[in-house]
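Structure data (compact mmCIF, C-alpha atoms) from protein-v6.txt:
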```
# COMPACT_ATOMS: atom_id res chain seq x y z
CA MET A 1 -13.00 7.70 -24.17
CA LEU A 2 -10.50 7.22 -21.32
CA LYS A 3 -7.64 9.70 -21.05
CA SER A 4 -4.82 9.39 -18.55
CA LYS A 5 -3.29 12.38 -16.75
CA LYS A 6 -0.36 12.58 -14.37
CA ILE A 7 -1.01 14.61 -11.21
CA VAL A 8 1.79 15.33 -8.74
CA VAL A 9 0.93 16.14 -5.14
CA LEU A 10 3.55 18.31 -3.43
CA GLY A 11 4.11 19.99 -0.09
CA HIS A 12 6.10 20.02 3.12
CA PHE A 13 6.42 17.04 5.50
CA GLY A 14 3.26 15.88 7.23
CA VAL A 15 0.80 18.25 5.57
CA GLY A 16 -1.48 15.36 4.63
CA LYS A 17 -0.66 14.67 0.97
CA THR A 18 -0.93 10.90 1.34
CA SER A 19 -4.09 11.22 3.46
CA LEU A 20 -5.75 13.44 0.86
CA ILE A 21 -5.01 10.90 -1.88
CA ARG A 22 -6.14 8.00 0.29
CA ARG A 23 -9.38 9.80 1.11
CA PHE A 24 -9.98 10.51 -2.59
CA VAL A 25 -9.06 7.05 -3.89
CA THR A 26 -10.31 4.71 -1.15
CA ASP A 27 -12.43 7.07 1.01
CA THR A 28 -10.50 6.10 4.14
CA PHE A 29 -8.39 7.90 6.73
CA SER A 30 -5.78 6.75 9.21
CA ASP A 31 -4.37 8.67 12.17
CA ASN A 32 -1.11 6.74 11.94
CA TYR A 33 1.47 8.93 10.25
CA LYS A 34 3.80 7.07 7.93
CA VAL A 35 6.32 9.14 6.06
CA THR A 36 6.34 8.68 2.27
CA ILE A 37 9.73 7.72 0.89
CA GLY A 38 10.39 8.52 -2.76
CA VAL A 39 7.08 8.41 -4.51
CA HIS A 40 3.85 6.46 -4.18
CA ILE A 41 1.61 6.04 -7.20
CA THR A 42 -2.14 5.46 -7.18
CA LYS A 43 -4.90 5.78 -9.71
CA LYS A 44 -8.52 6.83 -9.79
CA VAL A 45 -10.89 7.05 -12.73
CA VAL A 46 -13.07 10.16 -12.59
CA GLU A 47 -16.24 10.50 -14.61
CA ILE A 48 -16.36 13.81 -16.45
CA SER A 49 -19.58 13.13 -18.30
CA ALA A 50 -21.67 10.16 -19.37
CA LYS A 51 -19.37 9.66 -22.33
CA GLU A 52 -16.09 10.82 -20.91
CA THR A 53 -13.87 9.55 -18.10
CA ILE A 54 -10.38 10.54 -17.09
CA SER A 55 -7.82 8.36 -15.37
CA LEU A 56 -5.85 10.34 -12.79
CA ILE A 57 -2.44 8.83 -12.07
CA LEU A 58 -1.58 10.41 -8.71
CA TRP A 59 2.11 10.79 -7.86
CA ASP A 60 2.39 11.31 -4.12
CA LEU A 61 5.87 12.77 -3.72
CA GLU A 62 7.75 12.59 -0.41
CA GLY A 63 7.42 15.76 1.65
CA THR A 64 10.30 18.20 1.79
CA ASP A 65 11.04 21.36 3.75
CA ASP A 66 12.82 22.77 0.72
CA ILE A 67 10.64 22.62 -2.39
CA GLU A 68 13.74 23.36 -4.48
CA THR A 69 15.09 19.86 -3.67
CA ILE A 70 12.21 17.93 -5.27
CA ARG A 71 13.59 15.55 -7.88
CA LYS A 72 13.02 17.09 -11.28
CA ALA A 73 12.71 13.65 -12.83
CA TYR A 74 9.48 13.03 -10.90
CA LEU A 75 7.93 16.20 -12.29
CA LEU A 76 8.52 15.51 -15.99
CA GLY A 77 5.38 15.15 -18.08
CA THR A 78 3.10 16.37 -15.29
CA HIS A 79 -0.39 17.44 -16.37
CA GLY A 80 -1.57 18.90 -13.05
CA VAL A 81 -0.15 19.89 -9.66
CA VAL A 82 -1.70 19.91 -6.19
CA PHE A 83 0.32 21.92 -3.65
CA VAL A 84 -0.73 21.12 -0.09
CA PHE A 85 0.02 23.01 3.13
CA ASP A 86 -1.10 22.44 6.72
CA ILE A 87 -3.22 25.35 8.01
CA THR A 88 -2.21 24.57 11.60
CA ARG A 89 1.54 24.72 10.94
CA PRO A 90 2.84 28.14 9.79
CA SER A 91 6.17 26.61 8.75
CA THR A 92 4.34 24.89 5.88
CA PHE A 93 2.83 28.09 4.45
CA GLN A 94 5.02 30.99 5.58
CA HIS A 95 7.02 30.77 2.33
CA LEU A 96 4.03 29.78 0.23
CA LYS A 97 4.56 32.45 -2.43
CA SER A 98 8.18 31.52 -3.04
CA ASP A 99 7.33 27.80 -2.88
CA LEU A 100 4.66 28.24 -5.54
CA LYS A 101 7.05 30.28 -7.68
CA ILE A 102 9.57 27.41 -7.55
CA VAL A 103 6.86 24.91 -8.50
CA SER A 104 5.71 27.07 -11.43
CA GLU A 105 9.29 27.35 -12.66
CA LYS A 106 9.87 23.60 -12.39
CA ILE A 107 6.56 22.71 -14.03
CA PRO A 108 5.57 25.66 -16.23
CA ASN A 109 2.17 26.05 -17.90
CA THR A 110 0.56 23.38 -15.75
CA PRO A 111 -2.71 23.73 -13.82
CA LEU A 112 -1.93 24.18 -10.13
CA MET A 113 -4.27 23.83 -7.14
CA VAL A 114 -3.25 25.33 -3.80
CA VAL A 115 -4.79 23.42 -0.92
CA GLY A 116 -4.92 24.20 2.81
CA ASN A 117 -5.49 20.90 4.60
CA LYS A 118 -6.62 19.92 8.14
CA THR A 119 -9.61 22.29 8.44
CA ASP A 120 -11.03 19.94 11.08
CA LEU A 121 -8.41 21.21 13.53
CA VAL A 122 -9.31 24.94 13.51
CA ASP A 123 -12.51 26.94 13.62
CA ALA A 124 -13.63 28.95 10.61
CA LYS A 125 -12.96 32.38 12.17
CA GLU A 126 -9.48 31.45 13.30
CA LEU A 127 -8.76 30.02 9.86
CA GLN A 128 -9.85 33.17 8.05
CA ILE A 129 -7.62 35.28 10.31
CA THR A 130 -4.65 33.01 9.54
CA LEU A 131 -5.26 33.23 5.80
CA ASP A 132 -5.72 37.03 5.88
CA GLU A 133 -2.68 37.63 8.08
CA ASN A 134 -0.47 35.59 5.79
CA GLU A 135 -2.07 36.93 2.58
CA ILE A 136 -2.76 33.40 1.40
CA THR A 137 -5.04 32.64 -1.53
CA VAL A 138 -6.15 29.04 -1.69
CA ASP A 139 -8.14 27.09 -4.25
CA PHE A 140 -9.47 24.62 -1.69
CA LEU A 141 -9.59 24.21 2.07
CA THR A 142 -9.85 20.51 2.81
CA SER A 143 -9.89 17.96 5.58
CA ALA A 144 -8.58 14.52 4.68
CA LYS A 145 -9.88 13.36 8.07
CA THR A 146 -13.52 14.29 7.50
CA GLY A 147 -13.34 14.17 3.70
CA PHE A 148 -14.39 17.81 3.46
CA ALA A 149 -13.90 19.17 -0.11
CA VAL A 150 -11.46 16.39 -1.09
CA ASP A 151 -13.58 15.03 -3.95
CA ASP A 152 -14.34 18.59 -5.10
CA LEU A 153 -10.64 19.35 -5.36
CA PHE A 154 -9.70 16.39 -7.55
CA THR A 155 -12.91 16.52 -9.58
CA LYS A 156 -12.32 20.19 -10.39
CA LEU A 157 -8.75 19.43 -11.47
CA ALA A 158 -9.92 16.47 -13.55
CA ASN A 159 -12.52 18.64 -15.30
CA GLN A 160 -9.93 21.28 -16.02
CA LEU A 161 -7.53 18.71 -17.47
CA ALA A 162 -10.28 17.15 -19.57
CA LYS A 163 -11.08 20.59 -20.98
CA ASP A 164 -7.42 21.35 -21.72
CA ALA A 165 -6.81 17.98 -23.38
CA MET B 1 -32.99 -14.72 102.84
CA ASN B 2 -32.73 -18.44 102.98
CA PRO B 3 -30.57 -19.34 105.97
CA LYS B 4 -29.31 -22.46 104.17
CA MET B 5 -27.63 -20.48 101.41
CA ASP B 6 -23.92 -20.53 101.63
CA GLU B 7 -21.50 -17.84 100.53
CA ASN B 8 -21.07 -19.28 97.03
CA ASP B 9 -24.77 -19.26 96.29
CA LYS B 10 -25.02 -15.70 97.41
CA LEU B 11 -22.13 -14.74 95.15
CA GLU B 12 -23.83 -16.40 92.17
CA ILE B 13 -27.07 -14.51 92.79
CA LEU B 14 -25.11 -11.28 93.02
CA LYS B 15 -23.29 -12.06 89.75
CA ASP B 16 -26.62 -12.71 88.01
CA ILE B 17 -27.97 -9.38 89.17
CA LEU B 18 -24.82 -7.40 88.26
CA PHE B 19 -24.03 -9.06 84.85
CA ALA B 20 -27.53 -9.51 83.44
CA ASP B 21 -26.81 -7.15 80.44
CA GLU B 22 -23.47 -8.81 79.68
CA HIS B 23 -25.13 -12.21 79.64
CA GLU B 24 -27.64 -11.00 77.12
CA PHE B 25 -24.85 -9.52 74.94
CA GLU B 26 -22.87 -12.75 75.14
CA GLN B 27 -25.96 -14.65 74.10
CA ARG B 28 -26.43 -12.46 71.02
CA ILE B 29 -22.77 -12.78 70.00
CA SER B 30 -22.84 -16.53 70.30
CA GLU B 31 -26.00 -16.66 68.14
CA ARG B 32 -24.29 -14.52 65.43
CA VAL B 33 -21.17 -16.68 65.52
CA GLU B 34 -23.37 -19.70 65.06
CA THR B 35 -25.09 -18.09 62.04
CA LEU B 36 -21.71 -17.18 60.53
CA GLU B 37 -20.42 -20.69 61.03
CA ARG B 38 -23.49 -22.05 59.28
CA THR B 39 -23.00 -19.59 56.37
CA ILE B 40 -19.35 -20.50 55.93
CA ASN B 41 -19.91 -24.20 56.26
CA GLU B 42 -22.87 -24.32 53.89
CA ARG B 43 -21.55 -23.76 50.29
CA LYS B 44 -24.77 -22.48 48.86
CA GLN B 45 -25.25 -19.81 51.46
CA LEU B 46 -21.59 -18.71 51.17
CA SER B 47 -21.85 -18.61 47.41
CA GLU B 48 -24.84 -16.28 47.56
CA LYS B 49 -22.83 -13.80 49.62
CA VAL B 50 -19.41 -14.04 47.93
CA ASP B 51 -20.25 -14.57 44.24
CA PRO B 52 -21.37 -10.99 43.48
CA ILE B 53 -18.17 -9.61 45.02
CA VAL B 54 -15.89 -12.00 43.11
CA GLU B 55 -17.75 -11.30 39.89
CA GLN B 56 -17.32 -7.56 40.34
CA GLN B 57 -13.61 -8.03 41.01
CA ILE B 58 -13.18 -10.19 37.89
CA ASN B 59 -14.98 -7.62 35.74
CA ASP B 60 -12.80 -4.83 37.08
CA PHE B 61 -9.71 -6.94 36.39
CA LYS B 62 -10.84 -7.70 32.84
CA GLU B 63 -11.40 -4.03 32.12
CA SER B 64 -8.04 -3.01 33.48
CA ILE B 65 -6.02 -5.71 31.63
CA PRO B 66 -5.41 -3.70 28.41
CA THR B 67 -4.03 -0.73 30.29
CA THR B 68 -2.24 -2.44 33.13
CA LEU B 69 -1.08 -5.80 31.80
CA GLY B 70 -1.29 -5.24 28.00
CA PRO B 71 2.06 -3.45 27.53
CA VAL B 72 3.80 -5.88 29.88
CA ILE B 73 2.43 -8.92 28.00
CA THR B 74 3.35 -7.41 24.61
CA ALA B 75 6.88 -6.60 25.77
CA THR B 76 7.26 -10.08 27.28
CA LEU B 77 6.02 -11.76 24.10
CA LYS B 78 8.37 -9.70 21.94
CA GLU B 79 11.29 -10.56 24.19
CA GLU B 80 10.32 -14.25 24.25
CA ILE B 81 10.00 -14.39 20.45
CA LYS B 82 13.36 -12.68 20.13
CA ASN B 83 14.99 -15.11 22.54
CA SER B 84 13.32 -18.25 21.24
CA ARG B 85 13.43 -17.94 17.45
CA ASP B 86 13.84 -21.68 16.96
CA GLU B 87 10.77 -22.48 19.05
CA VAL B 88 8.75 -19.89 17.10
CA VAL B 89 9.88 -21.46 13.82
CA ASP B 90 8.89 -24.90 15.15
CA ALA B 91 5.46 -23.56 16.08
CA LEU B 92 4.89 -21.83 12.74
CA TYR B 93 6.36 -24.57 10.56
CA PRO B 94 3.22 -26.73 10.46
CA ILE B 95 1.21 -23.76 9.14
CA LEU B 96 3.82 -22.40 6.72
CA GLY B 97 4.84 -25.92 5.72
CA LYS B 98 1.31 -26.63 4.51
CA MET B 99 1.30 -23.47 2.42
CA ILE B 100 4.68 -24.28 0.90
CA LYS B 101 3.58 -27.86 0.23
CA LYS B 102 0.49 -26.59 -1.57
CA TYR B 103 2.56 -24.20 -3.67
CA VAL B 104 5.11 -26.89 -4.58
CA ALA B 105 2.30 -29.33 -5.46
CA GLN B 106 0.76 -26.73 -7.76
CA GLU B 107 4.11 -26.04 -9.44
CA MET B 108 4.73 -29.81 -9.84
CA LYS B 109 1.35 -30.16 -11.49
CA LEU B 110 2.19 -27.39 -13.95
CA LEU B 111 5.59 -28.95 -14.63
CA SER B 112 4.00 -32.35 -15.16
CA GLU B 113 1.56 -30.83 -17.67
CA LYS B 114 4.45 -29.18 -19.48
CA ILE B 115 6.39 -32.49 -19.57
CA ASP B 116 3.33 -34.26 -20.98
CA GLY B 117 3.26 -31.64 -23.70
CA GLN B 118 6.95 -32.14 -24.39
CA LEU B 119 6.53 -35.91 -24.66
CA SER B 120 3.88 -35.74 -27.35
CA PHE B 121 4.71 -37.46 -30.61
CA PHE B 122 5.19 -34.28 -32.58
CA SER B 123 7.33 -32.60 -29.91
CA ARG B 124 9.56 -35.68 -29.59
CA TRP B 125 10.31 -35.77 -33.31
CA LYS B 126 10.88 -32.04 -33.41
CA ARG B 127 13.34 -32.33 -30.52
CA LYS B 128 15.11 -35.31 -32.13
CA PHE B 129 15.63 -33.24 -35.24
CA ARG B 130 16.88 -30.26 -33.23
CA SER B 131 19.19 -32.55 -31.32
CA LEU B 132 20.67 -33.93 -34.55
CA THR B 133 21.18 -30.53 -36.09
CA SER B 134 22.48 -28.76 -32.97
CA GLY B 135 24.49 -31.64 -31.46
CA LYS B 136 22.84 -31.05 -28.06
CA LYS B 137 21.35 -33.86 -25.94
CA GLU B 138 17.57 -34.33 -26.24
CA GLU B 139 17.21 -34.12 -22.43
CA ASP B 140 19.00 -30.76 -22.35
CA LEU B 141 16.79 -29.45 -25.12
CA MET B 142 13.68 -30.63 -23.26
CA MET B 143 14.78 -28.96 -20.01
CA GLY B 144 15.55 -25.80 -21.95
CA ASP B 145 12.06 -25.85 -23.50
CA LEU B 146 10.42 -26.36 -20.10
CA ALA B 147 12.04 -23.31 -18.56
CA ALA B 148 11.96 -21.18 -21.72
CA ALA B 149 11.53 -17.46 -21.30
CA LYS B 150 8.11 -16.12 -22.24
CA ILE B 151 6.78 -12.65 -22.82
CA GLU B 152 3.99 -12.02 -20.32
CA GLN B 153 3.37 -8.35 -20.81
CA VAL B 154 4.50 -5.50 -23.05
CA LEU B 155 3.89 -1.92 -21.98
CA LEU B 156 4.33 1.11 -24.19
CA ILE B 157 4.87 4.03 -21.83
CA GLU B 158 5.24 7.78 -22.35
CA LYS B 159 8.76 8.52 -21.18
CA ASP B 160 8.37 11.53 -18.87
CA SER B 161 4.87 11.23 -17.47
CA GLY B 162 4.82 7.45 -17.15
CA ILE B 163 1.39 7.38 -18.77
CA LEU B 164 0.59 4.01 -20.33
CA LYS B 165 -0.13 4.43 -24.03
CA ALA B 166 -0.90 0.82 -24.87
CA SER B 167 -0.17 -2.71 -23.75
CA TYR B 168 -0.15 -6.32 -24.78
CA VAL B 169 -1.01 -8.56 -21.82
CA LYS B 170 -0.93 -12.35 -21.76
CA SER B 171 -1.99 -12.66 -18.13
CA GLN B 172 -3.45 -9.69 -16.32
CA ALA B 173 -1.91 -9.49 -12.87
CA MET B 174 -1.86 -5.86 -11.74
CA ASP B 175 -3.14 -2.50 -12.80
CA GLU B 176 -1.00 -1.70 -15.82
CA GLU B 177 -1.37 2.07 -15.46
CA MET B 178 0.03 1.92 -11.95
CA ILE B 179 2.86 -0.41 -13.01
CA SER B 180 3.74 2.03 -15.77
CA GLY B 181 3.83 4.92 -13.31
CA MET B 182 5.91 2.95 -10.86
CA LEU B 183 8.39 1.76 -13.50
CA THR B 184 8.78 5.34 -14.66
CA ALA B 185 9.32 6.54 -11.08
CA ILE B 186 11.98 3.85 -10.48
CA LYS B 187 13.61 4.59 -13.82
CA SER B 188 13.56 8.35 -13.19
CA PHE B 189 14.92 7.93 -9.67
CA VAL B 190 17.82 5.69 -10.71
CA GLU B 191 18.78 7.86 -13.67
CA ASP B 192 18.48 11.03 -11.58
CA ALA B 193 20.30 9.60 -8.56
CA PHE B 194 23.25 8.54 -10.68
CA ASN B 195 23.08 11.92 -12.38
CA GLN B 196 23.05 10.17 -15.75
CA ARG B 197 20.16 11.51 -17.77
CA ASP B 198 21.82 10.24 -20.94
CA GLN B 199 21.98 6.68 -19.58
CA ASN B 200 19.00 4.45 -18.94
CA LEU B 201 17.87 1.79 -16.53
CA GLU B 202 17.59 -1.28 -18.72
CA HIS B 203 16.65 -4.20 -16.51
CA ILE B 204 14.69 -4.90 -13.32
CA GLU B 205 14.39 -8.32 -11.67
CA TYR B 206 11.17 -8.83 -9.74
CA GLU B 207 10.81 -12.22 -8.04
CA LEU B 208 10.10 -14.66 -10.91
CA TYR B 209 9.96 -11.95 -13.55
CA ASN B 210 12.53 -9.98 -15.51
CA ILE B 211 11.52 -6.57 -16.80
CA HIS B 212 13.41 -5.43 -19.86
CA LEU B 213 13.30 -1.67 -20.44
CA GLN B 214 14.19 0.04 -23.69
CA SER B 215 14.03 3.82 -23.99
CA PHE B 216 13.41 5.81 -27.14
CA ALA B 217 12.92 9.53 -27.75
CA THR B 218 9.46 10.10 -26.34
CA HIS B 219 8.41 6.64 -25.13
CA TYR B 220 9.91 3.54 -23.65
CA ILE B 221 8.92 -0.10 -23.82
CA ALA B 222 8.80 -2.44 -20.82
CA VAL B 223 8.70 -6.16 -21.56
CA VAL B 224 7.82 -8.43 -18.62
CA ILE B 225 9.37 -11.88 -19.07
CA SER B 226 8.92 -15.11 -17.11
CA GLY B 227 11.16 -18.18 -17.24
CA ASN B 228 14.84 -18.59 -17.93
CA TYR B 229 15.88 -15.19 -19.23
CA VAL B 230 19.30 -15.86 -20.72
CA THR B 231 21.47 -13.65 -22.93
CA ARG B 232 20.02 -15.25 -26.06
CA SER B 233 16.47 -14.38 -24.93
CA LYS B 234 17.62 -10.87 -24.10
CA ASP B 235 19.01 -10.45 -27.62
CA LEU B 236 15.77 -11.74 -29.12
CA VAL B 237 13.67 -9.36 -27.01
CA GLN B 238 15.95 -6.51 -28.04
CA ASP B 239 15.49 -7.48 -31.72
CA LEU B 240 11.71 -7.61 -31.31
CA ILE B 241 11.63 -4.19 -29.68
CA PHE B 242 13.80 -2.63 -32.37
CA ASP B 243 11.73 -4.26 -35.12
CA PHE B 244 8.63 -2.72 -33.58
CA TYR B 245 10.37 0.63 -33.23
CA ASN B 246 11.73 0.78 -36.74
CA SER B 247 8.62 -0.42 -38.50
CA PHE B 248 6.02 1.42 -36.47
CA MET B 249 7.00 3.45 -33.42
CA ALA B 250 9.69 5.69 -34.87
CA MET B 251 7.44 7.07 -37.53
CA ASN B 252 4.19 7.15 -35.63
CA LEU B 253 5.24 8.12 -32.12
CA ASP B 254 8.76 9.49 -32.09
CA LEU B 255 8.40 11.51 -35.29
CA VAL B 256 11.63 10.11 -36.65
CA PHE B 257 11.63 9.82 -40.44
CA ASP B 258 13.76 8.19 -42.97
CA THR B 259 13.84 9.69 -46.43
CA LYS B 260 11.22 7.43 -47.95
CA ASN B 261 8.71 8.38 -45.24
CA SER B 262 9.60 12.06 -45.03
CA GLU B 263 6.53 13.23 -46.86
CA LYS B 264 4.10 11.22 -44.78
CA SER B 265 1.91 13.27 -42.50
CA ILE B 266 1.65 12.52 -38.79
CA VAL B 267 -1.72 11.65 -37.32
CA PRO B 268 -2.35 10.78 -33.67
CA VAL B 269 -2.35 7.02 -33.21
CA SER B 270 -5.30 5.53 -31.38
CA LYS B 271 -4.82 3.22 -28.40
CA LYS B 272 -6.61 0.46 -30.29
CA ARG B 273 -4.15 0.69 -33.17
CA LEU B 274 -1.16 0.74 -30.80
CA GLU B 275 -2.44 -2.38 -29.05
CA LYS B 276 -2.99 -4.11 -32.37
CA GLU B 277 0.59 -3.35 -33.41
CA LEU B 278 1.98 -4.55 -30.07
CA ARG B 279 0.02 -7.79 -30.39
CA LYS B 280 1.27 -8.25 -33.94
CA TYR B 281 4.92 -7.98 -32.91
CA PHE B 282 4.95 -9.63 -29.50
CA SER B 283 2.10 -12.13 -29.10
CA ASP B 284 3.61 -15.07 -31.00
CA ALA B 285 7.24 -14.17 -30.46
CA LYS B 286 9.52 -16.98 -29.28
CA ILE B 287 12.40 -15.82 -27.14
```
Structure rendered as structure tokens:
Amino acid sequence: MLKSKKIVVLGHFGVGKTSLIRRFVTDTFSDNYKVTIGVHITKKVVEISAKETISLILWDLEGTDDIETIRKAYLLGTHGVVFVFDITRPSTFQHLKSDLKIVSEKIPNTPLMVVGNKTDLVDAKELQITLDENEITVDFLTSAKTGFAVDDLFTKLANQLAKDA
Amino acid sequence: MNPKMDENDKLEILKDILFADEHEFEQRISERVETLERTINERKQLSEKVDPIVEQQINDFKESIPTTLGPVITATLKEEIKNSRDEVVDALYPILGKMIKKYVAQEMKLLSEKIDGQLSFFSRWKRKFRSLTSGKKEEDLMMGDLAAAKIEQVLLIEKDSGILKASYVKSQAMDEEMISGMLTAIKSFVEDAFNQRDQNLEHIEYELYNIHLQSFATHYIAVVISGNYVTRSKDLVQDLIFDFYNSFMAMNLDLVFDTKNSEKSIVPVSKKRLEKELRKYFSDAKI
């Protein structure tokens, strides 16, 4: 049976939200940065088991420096959230706790994945120091450029949503 | 010494003795000049010497074009296109013209097929009768029939999430789930931007299609219409949607009851059933 679930992908400007979705949906990557205006919607069907598939409708929302300003209308009826930050740009994660609190208030009782993107740009040691120093807990560290952990992220979310449904 | 030798002869002998090395050098130079002259004058020999150098130069030039001349050429082309729009149009017209011609020919073929249908015996008599009863000219009625609005697609969409619950599709063009999401995003944006959550976006025009949107409590319906979408068609679509809502959707999806249904229990409606109901209400509808 095919179920459909709405996933919104949030985060600051240029953290790689669109690239993550593109990598997941079409397995491609582009170095050209094009800012998302409004919202871009894509879809991917994920196989949960031999008998069960789930259709993820991915809402790629435009990046914002103030998470509070995200249009509430875009968040209505959301089944899952992916919050993305850029591990090379502190401005995108220095207020992570308060950003996540805002997201949880806007979309309560919804599965949320916190994702640090662009792992290809730092080495593992440096990355761990950054995470420890900023007391950041992430669900996934990904690289849209290399594809590292991108499928794992969305597949895990899809499995969780299938279980909750 | 020969007593007959005069002063000049003696001088010559002296010159020979003193400039013997210079003579030899002069001889060698003249031989080299001769060889060079032969090389230059004989094409084949010259080619053997010069070709590798020229080839190397050409290769270097080719490699350096993208970095040295590329930006200049691009800028020049852009400037030229900007300054000579008419010439560009003239150059592109033969290509675009063919495409347009093909499209028009295809549309004419479709129109011709429709006219053939309209001229059939049964259609002619039907139109004559309609003309008599309505007082309208037969030609006007025929033109009206040719461009009549048609329902192409009906989407039943969950209001907040934009998730497609079911659809009736006459001609599959795009991914319906993505259309549903996009329509919901547009609808949400417009309603949010105008700060009017109690008002709804009701109509979108997209090229040859009109999209009629009707919101209810938990879902909304999007009807994609082709053809001449006039007020009468709009009223008919509205009637169809409300018929569907009152007889099926209100009770099964929006949990709205009238007194006679108040004791009925609610069970989740399958997608198959929803699609069957949509087909029942919209597939043969004339608008």
Near chain B, 6 Å: chain A residue rows, closest pairs, all atoms listed in the file, as a Markdown table:
```
| residue | atom | partner | partner_atom | distance |
| --- | --- | --- | --- | --- |
| A:Ala73 | CA | B:Ser188 | CA | 5.4 |
| A:Leu76 | CA | B:Asp160 | CA | 4.9 |
| A:Gly77 | CA | B:Ser161 | CA | 4.0 |
| A:Thr78 | CA | B:Ser161 | CA | 5.9 |
```
Exercise. Find the residues with any atom within 8 Å of (-9.2, 14.8, 14.5); use all atoms listed in the file and the coordinates as given in the file, and write the answer as a PyMOL selection string.
Key: chain A and resi 120-121+145
I'd like the neighbourhood of Thr110 of chain A as a compact mmCIF listing (two decimals) with C-alpha atoms, keeping the file's coordinate frame, where a residue qualifies if any of its atoms comes within 8 Å (using only C-alpha atoms), though same-chain residues fewer than 6 positions away should be ignored.
```
# COMPACT_ATOMS: atom_id res chain seq x y z
CA THR A 78 3.10 16.37 -15.29
CA HIS A 79 -0.39 17.44 -16.37
CA GLY A 80 -1.57 18.90 -13.05
CA VAL A 81 -0.15 19.89 -9.66
CA SER A 104 5.71 27.07 -11.43
```
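Our summary of the geometry notes that atom CA of Lys109 of chain B is positioned 24.8 Å from atom CA of Asp284 of chain B.
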Quiz item: Looking at A:Thr155, A:Ser30, A:Ser98, A:Thr88, which one is nearest to Lys44 of chain A, with distances taken over all atoms listed in the file?
Solution: A:Thr155
List as a PDB file with C-alpha atoms, in the coordinates of the input: which residues have an atom within 8 Å of (-2.6, -2.5, -23.4), counting all atoms listed in the file?
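Just written: point38.pdb:
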```
ATOM      1  CA  VAL B 154       4.500  -5.500 -23.050  1.00  0.00           C
ATOM      2  CA  LEU B 155       3.890  -1.920 -21.980  1.00  0.00           C
ATOM      3  CA  LEU B 156       4.330   1.110 -24.190  1.00  0.00           C
ATOM      4  CA  LEU B 164       0.590   4.010 -20.330  1.00  0.00           C
ATOM      5  CA  LYS B 165      -0.130   4.430 -24.030  1.00  0.00           C
ATOM      6  CA  ALA B 166      -0.900   0.820 -24.870  1.00  0.00           C
ATOM      7  CA  SER B 167      -0.170  -2.710 -23.750  1.00  0.00           C
ATOM      8  CA  TYR B 168      -0.150  -6.320 -24.780  1.00  0.00           C
ATOM      9  CA  VAL B 169      -1.010  -8.560 -21.820  1.00  0.00           C
ATOM     10  CA  GLU B 176      -1.000  -1.700 -15.820  1.00  0.00           C
ATOM     11  CA  LYS B 271      -4.820   3.220 -28.400  1.00  0.00           C
ATOM     12  CA  GLU B 275      -2.440  -2.380 -29.050  1.00  0.00           C
TER      13      GLU B 275
END
```
Quiz item: At what distance in Å, to one decimal, does atom CA of Lys15 of chain B lie from atom CA of Leu36 of chain B?
Solution: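 Atom CA of Lys15 of chain B lies at a distance of 29.7 Å from atom CA of Leu36 of chain B.
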Self-check item: Atomic distance atom CA of Asp123 of chain A - atom CA of Ser143 of chain A, expressed in Å with one decimal
Solution: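 It comes out at 12.3 Å.
Of the residues listed (A:Ala144, A:Val9, A:Val103, A:Leu131), A:Val9 shows the shortest atom-to-atom separation from Leu58 of chain A; distances use all atoms listed in the file.
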Quiz prompt | Distance query Gln128 of chain A at most 12 Å, all atoms listed in the file, self and fewer than 2 positions along chain excluded, as JSON, numbers by chain | solution = {"A": [87, 116, 119, 122, 123, 124, 125, 126, 130, 131, 132, 133, 134, 135, 136, 137, 138, 141]}
Quiz item: Near Glu207 of chain B, within 12 Å and counting all atoms listed in the file, which residues show up once chain neighbours fewer than 5 positions away are dropped, as an MDAnalysis selection string?
Solution: chainID B and resid 224:227
Practice problem: Would you kindly return, as JSON, numbers by chain, each protein, DNA or RNA residue with an atom no farther than 10 Å from any atom of Phe29 of chain A, considering only C-alpha atoms and excluding same-chain residues fewer than 3 positions away? | Solution: {"A": [18, 19, 20, 21, 22, 23, 24, 26, 32, 144, 145, 146, 147]}
